[in-house]
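Take a look at the structure below.
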Amino acid sequence: MFFKGRSIRAVVGIRVLFTITVISQQVYAASPKSVPNKPRAIGAKAITSSTTITLSVFDEEDAVTHYRAVHIIDQNTVNYETIFPRTVGYTYKNINDLIPSRFYTFCVYSVIRTAELDRNSTNCTNSTPVIETGPGPISNFWISDETETSLVVKWEELKRPATKLSVSYQQYEANPTPLAIDVTNSLDNKINLTGLRAGARYTVRIEVTYVNYSVVESSPIKDAITKPYPPRDVK
């Protein structure tokens, strides 16, 4: 009986040591998964507007819920980032309203988002290729030479060729649909709007679509008032 009891204690001791070893291995294997791996590949294209870049992110980690894209402008990291949700396979995201005529890349982290916190990958993946943004909407234009029935719209010289350029205008709170005049000569930088009402307020904006882009980019809206007719003499 004494030897039998010692044998049982020895077996129990082996089982305890074996169980501890298995648990230790499971904890060690699970700990790296608490932080996701960085995305495998990041593509970048500029095909919509001149100040929009479309990112395409590819990875196969189902645990990842979001991506965090840190903006890098002219090779300098800036204090700005874009967070967007992941979709299975490829994830596409338009990064809009970027600074015109600057060189952009994005360093993209994988994110596992829970109710408590966001767990980011330790490293990030840089987007390729480097993209130079375009000139953006026409922001500098002027309205002058107002008469009773006309006014002149002038704008800055285009920094990039355009497939279409037009001036859109409408009488304030009167015409629900704006009128548009296409500028057929790309070298022109002014247009005369005629046939207007005297003493009326008009809103004006310039719309441009640049070569190699597909979206119309609109300028800020400016107001102008035509001159009223002079009063008639009553005799």
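Residues are referred to by chain and number: the chain letter is A, B, ... according to the order shown in the structure tokens, the number counts from 1 in that chain, and ligands are numbered separately from 1 in the order shown.
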Worksheet entry | Nearby residues (only C-alpha atoms) at most 8 Å from Ile112 of chain A, same-chain spacing under 2 positions excluded, as a VMD selection string | chain A and resid 35 to 36 63 to 66 110 114 118 to 120
Those same residues, written as a PDB file, in the first residue's frame with N, CA, C and O atoms?
```
ATOM      1  N   VAL A  35      -2.060  42.370 -30.680  1.00  0.00           N
ATOM      2  CA  VAL A  35      -1.701  43.498 -31.539  1.00  0.00           C
ATOM      3  C   VAL A  35      -1.701  42.992 -32.980  1.00  0.00           C
ATOM      4  O   VAL A  35      -1.005  42.030 -33.292  1.00  0.00           O
ATOM      5  N   PRO A  36      -2.464  43.609 -33.885  1.00  0.00           N
ATOM      6  CA  PRO A  36      -2.539  43.095 -35.259  1.00  0.00           C
ATOM      7  C   PRO A  36      -1.262  43.353 -36.034  1.00  0.00           C
ATOM      8  O   PRO A  36      -0.454  44.216 -35.689  1.00  0.00           O
ATOM      9  N   ALA A  63      -9.425  39.698 -37.874  1.00  0.00           N
ATOM     10  CA  ALA A  63      -9.619  40.374 -36.587  1.00  0.00           C
ATOM     11  C   ALA A  63      -9.539  41.893 -36.723  1.00  0.00           C
ATOM     12  O   ALA A  63     -10.052  42.623 -35.869  1.00  0.00           O
ATOM     13  N   VAL A  64      -8.913  42.367 -37.780  1.00  0.00           N
ATOM     14  CA  VAL A  64      -8.774  43.814 -37.971  1.00  0.00           C
ATOM     15  C   VAL A  64     -10.122  44.424 -38.304  1.00  0.00           C
ATOM     16  O   VAL A  64     -10.865  43.915 -39.152  1.00  0.00           O
ATOM     17  N   THR A  65     -10.460  45.528 -37.645  1.00  0.00           N
ATOM     18  CA  THR A  65     -11.744  46.202 -37.866  1.00  0.00           C
ATOM     19  C   THR A  65     -11.604  47.536 -38.573  1.00  0.00           C
ATOM     20  O   THR A  65     -12.524  47.980 -39.261  1.00  0.00           O
ATOM     21  N   HIS A  66     -10.465  48.212 -38.423  1.00  0.00           N
ATOM     22  CA  HIS A  66     -10.271  49.547 -38.994  1.00  0.00           C
ATOM     23  C   HIS A  66      -8.825  49.707 -39.458  1.00  0.00           C
ATOM     24  O   HIS A  66      -7.956  48.882 -39.154  1.00  0.00           O
ATOM     25  N   SER A 110      -2.919  48.842 -39.008  1.00  0.00           N
ATOM     26  CA  SER A 110      -4.092  48.014 -38.752  1.00  0.00           C
ATOM     27  C   SER A 110      -4.610  48.299 -37.350  1.00  0.00           C
ATOM     28  O   SER A 110      -3.831  48.550 -36.430  1.00  0.00           O
ATOM     29  N   THR A 114     -12.335  47.747 -30.151  1.00  0.00           N
ATOM     30  CA  THR A 114     -13.304  47.168 -29.232  1.00  0.00           C
ATOM     31  C   THR A 114     -13.964  48.305 -28.467  1.00  0.00           C
ATOM     32  O   THR A 114     -13.650  49.476 -28.670  1.00  0.00           O
ATOM     33  N   ASP A 118      -8.652  51.008 -28.894  1.00  0.00           N
ATOM     34  CA  ASP A 118      -8.144  50.636 -30.211  1.00  0.00           C
ATOM     35  C   ASP A 118      -6.749  50.054 -30.046  1.00  0.00           C
ATOM     36  O   ASP A 118      -5.887  50.667 -29.416  1.00  0.00           O
ATOM     37  N   ARG A 119      -6.526  48.871 -30.618  1.00  0.00           N
ATOM     38  CA  ARG A 119      -5.198  48.263 -30.602  1.00  0.00           C
ATOM     39  C   ARG A 119      -4.601  48.384 -31.993  1.00  0.00           C
ATOM     40  O   ARG A 119      -5.114  47.790 -32.949  1.00  0.00           O
ATOM     41  N   ASN A 120      -3.536  49.158 -32.122  1.00  0.00           N
ATOM     42  CA  ASN A 120      -2.901  49.406 -33.404  1.00  0.00           C
ATOM     43  C   ASN A 120      -1.745  48.441 -33.633  1.00  0.00           C
ATOM     44  O   ASN A 120      -1.108  47.973 -32.676  1.00  0.00           O
TER      45      ASN A 120
END
```
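For the residues A:Tyr202, A:Phe103, A:Tyr169, A:Tyr92, ranking by smallest atom-to-atom distance to Thr133 of chain A using only C-alpha atoms places A:Phe103 first.
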Report the closest atom pair, with its distance in Å rounded to one decimal, for each residue of segment 146-217 of chain A that has an atom no farther than 7 Å from segment 49-54 of chain A; count only C-alpha atoms, sort by chain and then rising residue number, and write it as a tab-separated table.
```
residue	atom	partner	partner_atom	distance
A:Tyr213	CA	A:Ser49	CA	5.6
A:Ser214	CA	A:Ser49	CA	6.5
A:Val215	CA	A:Ser49	CA	5.2
A:Glu217	CA	A:Ser49	CA	7.0
```
Output file for the selection above: N, CA, C and O atoms, as a tab-separated table (two decimals), in the first residue's frame:
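File produced: again_8.tsv:
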```
chain	number	residue	atom	x	y	z
A	213	TYR	N	-8.74	63.64	-64.46
A	213	TYR	CA	-9.65	63.53	-63.31
A	213	TYR	C	-11.08	63.47	-63.82
A	213	TYR	O	-11.39	63.90	-64.94
A	214	SER	N	-11.98	62.96	-62.97
A	214	SER	CA	-13.36	62.72	-63.41
A	214	SER	C	-14.40	63.58	-62.72
A	214	SER	O	-15.55	63.59	-63.14
A	215	VAL	N	-14.02	64.30	-61.68
A	215	VAL	CA	-15.00	65.03	-60.87
A	215	VAL	C	-14.92	66.53	-61.17
A	215	VAL	O	-13.83	67.09	-61.32
A	217	GLU	N	-14.89	70.23	-60.09
A	217	GLU	CA	-14.47	70.94	-58.88
A	217	GLU	C	-15.01	72.37	-58.94
A	217	GLU	O	-14.75	73.10	-59.90
```
Practice prompt. Go through A:Thr226, A:Thr87, A:Ser219, A:Thr105 and flag the residue nearest Ala44 of chain A, using only C-alpha atoms for the distances.
Written response: A:Thr105
Item to complete: Could you give me, as a ChimeraX atom specification, the residues within 9 Å of segment 159-164 of chain A, counting only C-alpha atoms and dropping anything in the same chain fewer than 2 positions from it?
Response: /A:134-135,156-157,166,182-184,186,207-213,216
Practice prompt. Find the spatial neighbours of segment 191-195 of chain A, counting only C-alpha atoms, within a cut-off of 9 Å - ignore same-chain residues fewer than 6 positions away - and output them as an MDAnalysis selection string.
Written response: chainID A and resid 149:154 167 169 181 183
May I have the selected residues written with all heavy atoms, as a PDB file, in the first residue's frame?
```
ATOM      1  N   THR A 149     -27.254  95.287 -67.213  1.00  0.00           N
ATOM      2  CA  THR A 149     -27.631  93.970 -67.743  1.00  0.00           C
ATOM      3  C   THR A 149     -26.444  93.023 -67.934  1.00  0.00           C
ATOM      4  O   THR A 149     -26.594  91.963 -68.548  1.00  0.00           O
ATOM      5  CB  THR A 149     -28.337  94.133 -69.103  1.00  0.00           C
ATOM      6  OG1 THR A 149     -27.441  94.798 -70.021  1.00  0.00           O
ATOM      7  CG2 THR A 149     -29.624  94.919 -68.959  1.00  0.00           C
ATOM      8  N   SER A 150     -25.272  93.360 -67.419  1.00  0.00           N
ATOM      9  CA  SER A 150     -24.110  92.489 -67.633  1.00  0.00           C
ATOM     10  C   SER A 150     -23.090  92.660 -66.524  1.00  0.00           C
ATOM     11  O   SER A 150     -23.130  93.627 -65.755  1.00  0.00           O
ATOM     12  CB  SER A 150     -23.451  92.787 -68.986  1.00  0.00           C
ATOM     13  OG  SER A 150     -22.858  94.076 -68.957  1.00  0.00           O
ATOM     14  N   LEU A 151     -22.174  91.706 -66.462  1.00  0.00           N
ATOM     15  CA  LEU A 151     -21.010  91.798 -65.569  1.00  0.00           C
ATOM     16  C   LEU A 151     -19.912  90.902 -66.120  1.00  0.00           C
ATOM     17  O   LEU A 151     -20.163  89.986 -66.915  1.00  0.00           O
ATOM     18  CB  LEU A 151     -21.375  91.422 -64.132  1.00  0.00           C
ATOM     19  CG  LEU A 151     -22.091  90.100 -63.853  1.00  0.00           C
ATOM     20  CD1 LEU A 151     -21.107  88.948 -63.725  1.00  0.00           C
ATOM     21  CD2 LEU A 151     -22.920  90.209 -62.585  1.00  0.00           C
ATOM     22  N   VAL A 152     -18.673  91.147 -65.697  1.00  0.00           N
ATOM     23  CA  VAL A 152     -17.512  90.414 -66.188  1.00  0.00           C
ATOM     24  C   VAL A 152     -16.930  89.566 -65.056  1.00  0.00           C
ATOM     25  O   VAL A 152     -16.756  90.053 -63.933  1.00  0.00           O
ATOM     26  CB  VAL A 152     -16.435  91.376 -66.738  1.00  0.00           C
ATOM     27  CG1 VAL A 152     -15.175  90.605 -67.127  1.00  0.00           C
ATOM     28  CG2 VAL A 152     -16.979  92.153 -67.929  1.00  0.00           C
ATOM     29  N   VAL A 153     -16.652  88.304 -65.376  1.00  0.00           N
ATOM     30  CA  VAL A 153     -16.030  87.384 -64.424  1.00  0.00           C
ATOM     31  C   VAL A 153     -14.620  87.065 -64.919  1.00  0.00           C
ATOM     32  O   VAL A 153     -14.435  86.643 -66.064  1.00  0.00           O
ATOM     33  CB  VAL A 153     -16.847  86.090 -64.277  1.00  0.00           C
ATOM     34  CG1 VAL A 153     -16.182  85.156 -63.260  1.00  0.00           C
ATOM     35  CG2 VAL A 153     -18.283  86.395 -63.873  1.00  0.00           C
ATOM     36  N   LYS A 154     -13.619  87.274 -64.072  1.00  0.00           N
ATOM     37  CA  LYS A 154     -12.227  86.971 -64.391  1.00  0.00           C
ATOM     38  C   LYS A 154     -11.685  85.974 -63.375  1.00  0.00           C
ATOM     39  O   LYS A 154     -12.100  85.970 -62.213  1.00  0.00           O
ATOM     40  CB  LYS A 154     -11.374  88.246 -64.365  1.00  0.00           C
ATOM     41  CG  LYS A 154     -11.822  89.328 -65.351  1.00  0.00           C
ATOM     42  CD  LYS A 154     -10.933  90.561 -65.214  1.00  0.00           C
ATOM     43  CE  LYS A 154     -11.376  91.663 -66.163  1.00  0.00           C
ATOM     44  NZ  LYS A 154     -10.531  92.885 -66.018  1.00  0.00           N
ATOM     45  N   VAL A 167     -18.656  78.786 -66.340  1.00  0.00           N
ATOM     46  CA  VAL A 167     -19.067  79.759 -65.347  1.00  0.00           C
ATOM     47  C   VAL A 167     -20.561  79.582 -65.116  1.00  0.00           C
ATOM     48  O   VAL A 167     -21.359  79.663 -66.061  1.00  0.00           O
ATOM     49  CB  VAL A 167     -18.754  81.201 -65.795  1.00  0.00           C
ATOM     50  CG1 VAL A 167     -19.262  82.203 -64.765  1.00  0.00           C
ATOM     51  CG2 VAL A 167     -17.257  81.369 -66.017  1.00  0.00           C
ATOM     52  N   TYR A 169     -24.070  80.741 -63.072  1.00  0.00           N
ATOM     53  CA  TYR A 169     -24.627  81.905 -62.377  1.00  0.00           C
ATOM     54  C   TYR A 169     -26.140  81.784 -62.299  1.00  0.00           C
ATOM     55  O   TYR A 169     -26.771  81.084 -63.096  1.00  0.00           O
ATOM     56  CB  TYR A 169     -24.235  83.197 -63.098  1.00  0.00           C
ATOM     57  CG  TYR A 169     -24.826  83.344 -64.482  1.00  0.00           C
ATOM     58  CD1 TYR A 169     -25.972  84.121 -64.696  1.00  0.00           C
ATOM     59  CD2 TYR A 169     -24.247  82.717 -65.583  1.00  0.00           C
ATOM     60  CE1 TYR A 169     -26.523  84.254 -65.967  1.00  0.00           C
ATOM     61  CE2 TYR A 169     -24.787  82.846 -66.848  1.00  0.00           C
ATOM     62  CZ  TYR A 169     -25.925  83.622 -67.043  1.00  0.00           C
ATOM     63  OH  TYR A 169     -26.467  83.740 -68.303  1.00  0.00           O
ATOM     64  N   ILE A 181     -22.229  78.826 -68.731  1.00  0.00           N
ATOM     65  CA  ILE A 181     -21.599  79.137 -70.011  1.00  0.00           C
ATOM     66  C   ILE A 181     -20.253  78.433 -70.055  1.00  0.00           C
ATOM     67  O   ILE A 181     -19.403  78.641 -69.176  1.00  0.00           O
ATOM     68  CB  ILE A 181     -21.417  80.658 -70.192  1.00  0.00           C
ATOM     69  CG1 ILE A 181     -22.767  81.368 -70.168  1.00  0.00           C
ATOM     70  CG2 ILE A 181     -20.692  80.947 -71.496  1.00  0.00           C
ATOM     71  CD1 ILE A 181     -22.665  82.870 -70.300  1.00  0.00           C
ATOM     72  N   VAL A 183     -16.525  77.743 -71.290  1.00  0.00           N
ATOM     73  CA  VAL A 183     -15.390  78.486 -71.821  1.00  0.00           C
ATOM     74  C   VAL A 183     -14.669  77.565 -72.790  1.00  0.00           C
ATOM     75  O   VAL A 183     -14.017  76.601 -72.382  1.00  0.00           O
ATOM     76  CB  VAL A 183     -14.454  78.953 -70.687  1.00  0.00           C
ATOM     77  CG1 VAL A 183     -13.279  79.729 -71.257  1.00  0.00           C
ATOM     78  CG2 VAL A 183     -15.225  79.789 -69.677  1.00  0.00           C
TER      79      VAL A 183
END
```
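DSSP annotation of segment 77-109 of chain A from backbone atoms: strand (DSSP E or B) residues are Thr77, Val78, Asn79, Tyr80, Glu81, Thr82, Ile83, Phe84, Pro85, Tyr90, Thr91, Tyr92, Lys93, Asn94, Ile95, Phe103, Tyr104, Thr105, Phe106, Cys107, Val108 and Tyr109 of chain A.
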Write out the residues from the selection above, keeping N, CA, C and O atoms, as a CSV table (one decimal), in the first residue's frame.
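Dumped everything to result-v2.csv:
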```csv
chain,number,residue,atom,x,y,z
A,77,THR,N,5.8,63.9,-41.7
A,77,THR,CA,4.6,63.5,-41.0
A,77,THR,C,3.9,64.7,-40.4
A,77,THR,O,4.6,65.5,-39.7
A,78,VAL,N,2.7,64.8,-40.6
A,78,VAL,CA,1.9,65.9,-40.0
A,78,VAL,C,0.9,65.3,-39.0
A,78,VAL,O,0.7,64.1,-38.9
A,79,ASN,N,0.4,66.2,-38.2
A,79,ASN,CA,-0.5,65.8,-37.1
A,79,ASN,C,-1.9,65.7,-37.6
A,79,ASN,O,-2.8,66.4,-37.2
A,80,TYR,N,-2.1,64.8,-38.5
A,80,TYR,CA,-3.4,64.6,-39.1
A,80,TYR,C,-3.5,63.1,-39.6
A,80,TYR,O,-2.5,62.6,-40.1
A,81,GLU,N,-4.6,62.5,-39.3
A,81,GLU,CA,-4.8,61.1,-39.7
A,81,GLU,C,-6.3,60.8,-40.1
A,81,GLU,O,-7.2,61.6,-39.7
A,82,THR,N,-6.5,59.8,-40.8
A,82,THR,CA,-7.8,59.4,-41.2
A,82,THR,C,-8.1,57.9,-40.8
A,82,THR,O,-7.3,57.1,-41.1
A,83,ILE,N,-9.1,57.7,-40.0
A,83,ILE,CA,-9.5,56.3,-39.6
A,83,ILE,C,-10.7,55.9,-40.3
A,83,ILE,O,-11.7,56.6,-40.4
A,84,PHE,N,-10.7,54.7,-40.9
A,84,PHE,CA,-11.8,54.2,-41.7
A,84,PHE,C,-12.0,52.7,-41.5
A,84,PHE,O,-11.0,52.0,-41.1
A,85,PRO,N,-13.2,52.1,-41.6
A,85,PRO,CA,-13.4,50.7,-41.4
A,85,PRO,C,-12.9,49.8,-42.4
A,85,PRO,O,-12.8,50.2,-43.6
A,90,TYR,N,-10.1,43.7,-50.1
A,90,TYR,CA,-9.6,45.0,-50.4
A,90,TYR,C,-10.5,46.1,-49.7
A,90,TYR,O,-11.7,45.9,-49.8
A,91,THR,N,-9.9,47.1,-49.1
A,91,THR,CA,-10.7,48.2,-48.6
A,91,THR,C,-10.3,49.4,-49.3
A,91,THR,O,-9.1,49.7,-49.5
A,92,TYR,N,-11.3,50.2,-49.8
A,92,TYR,CA,-11.0,51.4,-50.6
A,92,TYR,C,-11.5,52.6,-49.8
A,92,TYR,O,-12.6,52.6,-49.2
A,93,LYS,N,-10.7,53.7,-49.8
A,93,LYS,CA,-11.0,54.9,-49.0
A,93,LYS,C,-10.6,56.1,-49.8
A,93,LYS,O,-9.4,56.2,-50.1
A,94,ASN,N,-11.5,57.1,-50.0
A,94,ASN,CA,-11.2,58.3,-50.6
A,94,ASN,C,-10.7,59.3,-49.5
A,94,ASN,O,-11.5,59.5,-48.5
A,95,ILE,N,-9.5,59.8,-49.6
A,95,ILE,CA,-9.0,60.9,-48.7
A,95,ILE,C,-9.2,62.2,-49.4
A,95,ILE,O,-8.6,62.5,-50.3
A,103,PHE,N,3.1,66.7,-52.3
A,103,PHE,CA,3.4,65.3,-52.5
A,103,PHE,C,2.9,64.5,-51.2
A,103,PHE,O,3.3,64.8,-50.1
A,104,TYR,N,2.0,63.5,-51.4
A,104,TYR,CA,1.4,62.8,-50.3
A,104,TYR,C,1.8,61.3,-50.4
A,104,TYR,O,1.8,60.7,-51.4
A,105,THR,N,2.1,60.8,-49.2
A,105,THR,CA,2.0,59.3,-48.9
A,105,THR,C,1.3,59.2,-47.6
A,105,THR,O,1.1,60.1,-46.9
A,106,PHE,N,0.9,57.9,-47.3
A,106,PHE,CA,0.2,57.6,-46.1
A,106,PHE,C,0.8,56.4,-45.5
A,106,PHE,O,1.1,55.4,-46.2
A,107,CYS,N,1.0,56.4,-44.2
A,107,CYS,CA,1.5,55.3,-43.4
A,107,CYS,C,0.3,54.7,-42.7
A,107,CYS,O,-0.3,55.3,-41.8
A,108,VAL,N,-0.1,53.5,-43.1
A,108,VAL,CA,-1.3,52.9,-42.6
A,108,VAL,C,-1.1,51.8,-41.6
A,108,VAL,O,-0.3,50.9,-41.8
A,109,TYR,N,-1.8,51.9,-40.4
A,109,TYR,CA,-1.8,51.0,-39.4
A,109,TYR,C,-3.0,50.1,-39.4
A,109,TYR,O,-4.1,50.6,-39.8
```
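One finds atom CA of Ser218 of chain A at 29.1 Å from atom CA of Arg68 of chain A.
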Worksheet item: So what do you get for atom CA of Ala69 of chain A versus atom CA of Ser34 of chain A, distance-wise?
Response: 20.1 Å
Practice prompt. Point out the residue among A:Gly136, A:Gly43, A:Pro129, A:Pro231 with the least atom-to-atom distance to Leu98 of chain A, counting only C-alpha atoms.
Written response: A:Gly136
Fill in: All helix (DSSP H, G or I) positions in segment 10-232 of chain A, as a ChimeraX atom specification
/A:10-34
Selection from above, N, CA and C atoms, as a compact mmCIF listing (two decimals), in the first residue's frame, can you write it?
```
# COMPACT_ATOMS: atom_id res chain seq x y z
N ALA A 10 3.25 10.45 -7.43
CA ALA A 10 4.15 10.77 -8.53
C ALA A 10 3.38 11.07 -9.80
N VAL A 11 2.34 10.28 -10.07
CA VAL A 11 1.52 10.50 -11.27
C VAL A 11 0.81 11.83 -11.19
N VAL A 12 0.28 12.13 -10.01
CA VAL A 12 -0.40 13.41 -9.83
C VAL A 12 0.57 14.56 -10.07
N GLY A 13 1.75 14.46 -9.57
CA GLY A 13 2.75 15.50 -9.76
C GLY A 13 3.08 15.70 -11.23
N ILE A 14 3.16 14.64 -12.00
CA ILE A 14 3.46 14.75 -13.43
C ILE A 14 2.33 15.46 -14.14
N ARG A 15 1.08 15.12 -13.78
CA ARG A 15 -0.08 15.75 -14.44
C ARG A 15 -0.12 17.23 -14.14
N VAL A 16 0.20 17.63 -12.94
CA VAL A 16 0.19 19.04 -12.59
C VAL A 16 1.24 19.80 -13.39
N LEU A 17 2.44 19.26 -13.49
CA LEU A 17 3.49 19.90 -14.25
C LEU A 17 3.12 19.99 -15.72
N PHE A 18 2.52 18.95 -16.27
CA PHE A 18 2.13 18.93 -17.67
C PHE A 18 1.06 19.98 -17.96
N THR A 19 0.10 20.10 -17.06
CA THR A 19 -0.97 21.07 -17.25
C THR A 19 -0.43 22.49 -17.21
N ILE A 20 0.47 22.77 -16.30
CA ILE A 20 1.07 24.10 -16.21
C ILE A 20 1.84 24.43 -17.48
N THR A 21 2.54 23.46 -18.01
CA THR A 21 3.31 23.69 -19.24
C THR A 21 2.41 24.04 -20.40
N VAL A 22 1.30 23.36 -20.57
CA VAL A 22 0.38 23.60 -21.69
C VAL A 22 -0.23 24.99 -21.58
N ILE A 23 -0.67 25.40 -20.38
CA ILE A 23 -1.26 26.71 -20.19
C ILE A 23 -0.25 27.80 -20.52
N SER A 24 1.00 27.62 -20.08
CA SER A 24 2.04 28.60 -20.35
C SER A 24 2.25 28.78 -21.85
N GLN A 25 2.23 27.70 -22.61
CA GLN A 25 2.41 27.79 -24.05
C GLN A 25 1.25 28.50 -24.72
N GLN A 26 0.02 28.28 -24.26
CA GLN A 26 -1.14 28.92 -24.85
C GLN A 26 -1.11 30.43 -24.62
N VAL A 27 -0.73 30.88 -23.43
CA VAL A 27 -0.66 32.30 -23.15
C VAL A 27 0.40 32.96 -24.02
N TYR A 28 1.53 32.32 -24.16
CA TYR A 28 2.61 32.90 -24.96
C TYR A 28 2.20 32.99 -26.44
N ALA A 29 1.49 32.01 -26.94
CA ALA A 29 1.10 32.02 -28.33
C ALA A 29 0.02 33.06 -28.61
N ALA A 30 -0.83 33.35 -27.63
CA ALA A 30 -1.93 34.28 -27.85
C ALA A 30 -1.52 35.72 -27.71
N SER A 31 -0.46 36.00 -26.96
CA SER A 31 -0.10 37.38 -26.68
C SER A 31 0.24 38.19 -27.92
N PRO A 32 0.94 37.66 -28.94
CA PRO A 32 1.20 38.48 -30.12
C PRO A 32 -0.07 38.86 -30.87
N LYS A 33 -1.12 38.05 -30.80
CA LYS A 33 -2.35 38.32 -31.52
C LYS A 33 -3.13 39.47 -30.92
N SER A 34 -2.77 39.94 -29.74
CA SER A 34 -3.46 41.08 -29.16
C SER A 34 -3.16 42.35 -29.92
```
